[in-house]
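Here's the structure, in C-alpha cells; my notes come after.
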Amino acid sequence: MPRTRPATQRKRREILDAAIDIFGNKGYANGTLAEIAEQVDITHAGVLHHFGSKQNLLLEMLTYRDETDVADLDEHHIPNGPELFLHLVRTALVNSRRAGVVQVYTVLSAESVTDDHPARPFFEDRYSTLRGLVADAFRVLCEQEGIAEPATIGAASASILAVMDGLQLQWLLHPQDIELAETSEFAIRAIVNGVLHPGPELSQYIRG
C-alpha cells in the first residue's frame, strides 16, 4: 500500500484534534462534521475524504487520544506490574494540563452507555483491558510483598478506574477545588493499601 503523505498525515491530525474539541464540547450526537471541517479550514466533504464517516472519525479519534497518552513512553504502551500505579498518577498529572482531552473522554464515555452508541464497544473493551492490567499489577505487587492473592483484587481494580474517572468529572466542574494528580494519588494509594493491608470492616466504625 502507498505511504500516506506527510501533508495528509498533518491534516488528519488537525481533524482529529478538532474532533476532540467539538465532541468534547458538544458530544458526539450534537457535534457536526461541518463544525470540525470549519475549524481546520476544509469542507465537509474533505473530512469524509479522510475518514469516510462521522462514526469512523469518532473511533479513530478515540484511538488517537489513547496513543497520545503513551507517545512519550519507551515502548509506547502503558507499563506492567506495580509501575502501572505510578503511571496512572502521572497520567492524572498530564491530564490536569489538557482539559479538552479529559472533557472529550468524560463526555463520550458517559454517552457510550446509551443504546447503539458507536463508541460503546470501544469503551467496553477499554475498561475490560484496563481492569485486567490493574488486576495483573496487583497480583505482581502481592507476590513481591509475600501476600497471598486476596479476593479484593477485582473490586480494587474497578475502583481505581472509577475513582480516576470520577475525579476527572469533579475536576472539570470545579478545577479550582480539585487537585487532580494529588487526589488521584491519594485514592490509588488508599486502594492499594486496602488490598495489601486491609483494615477493619466499616461496620466496626458504626456505633450502635
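A note on labels: chains of the C-alpha cells are A, B, ... as shown, every chain counts residues from 1, and ligands are counted from 1 in their shown order.
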Could the residues of segment 89-124 of chain A that have an atom at most 12 Å from segment 186-202 of chain A be listed as JSON lines, each with its closest atom pair and the distance in Å to one decimal, counting only C-alpha atoms and ordered by chain and ascending residue number?
```
{"residue": "A:Val89", "atom": "CA", "partner": "A:Ile188", "partner_atom": "CA", "distance": 8.0}
{"residue": "A:Arg90", "atom": "CA", "partner": "A:Ile188", "partner_atom": "CA", "distance": 11.8}
{"residue": "A:Ala92", "atom": "CA", "partner": "A:Ile188", "partner_atom": "CA", "distance": 11.1}
```
Shell around segment 55-58 of chain A at 10 Å using only C-alpha atoms, local window under 6 positions removed, as an mmCIF file with C-alpha atoms, in the first residue's frame:
```cif
data_model
loop_
_atom_site.group_PDB
_atom_site.id
_atom_site.type_symbol
_atom_site.label_atom_id
_atom_site.label_comp_id
_atom_site.auth_asym_id
_atom_site.auth_seq_id
_atom_site.Cartn_x
_atom_site.Cartn_y
_atom_site.Cartn_z
ATOM 1 C CA ARG A 12 -5.642 14.072 9.578
ATOM 2 C CA ILE A 15 -9.053 16.943 12.002
ATOM 3 C CA LEU A 16 -8.610 14.579 14.958
ATOM 4 C CA ALA A 19 -12.881 16.397 16.698
ATOM 5 C CA ILE A 20 -11.569 16.238 20.263
ATOM 6 C CA PHE A 23 -17.070 16.260 20.505
ATOM 7 C CA TYR A 28 -20.982 13.017 19.536
ATOM 8 C CA LEU A 33 -18.620 17.294 10.739
ATOM 9 C CA VAL A 47 -13.454 15.408 6.323
ATOM 10 C CA LEU A 48 -15.300 12.483 4.743
ATOM 11 C CA TYR A 64 -5.609 8.758 18.639
ATOM 12 C CA LEU A 108 -18.080 10.232 25.263
ATOM 13 C CA HIS A 117 -23.792 4.465 20.565
ATOM 14 C CA PRO A 118 -20.911 3.790 18.144
ATOM 15 C CA ALA A 119 -18.276 4.205 20.881
#
```
Determine the nearest neighbour of Ala158 of chain A from the options A:Pro175, A:Ile36, A:Val140, A:Leu130, counting only C-alpha atoms.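 Residue with the minimum atom-to-atom distance to Ala158 of chain A: A:Leu130.
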Can you list, as a ChimeraX atom specification, every protein, DNA or RNA residue that comes within 12 Å of Ala162 of chain A when you count only C-alpha atoms, leaving out same-chain residues fewer than 2 positions away? /A:106,109,127,130-131,155-160,164-169,184,187-188,191
All helix (DSSP H, G or I) residues (DSSP, backbone) inside segment 94-196 of chain A, as number ranges by chain: A: 94-95, 99-111, 120-144, 153-173, 180-196
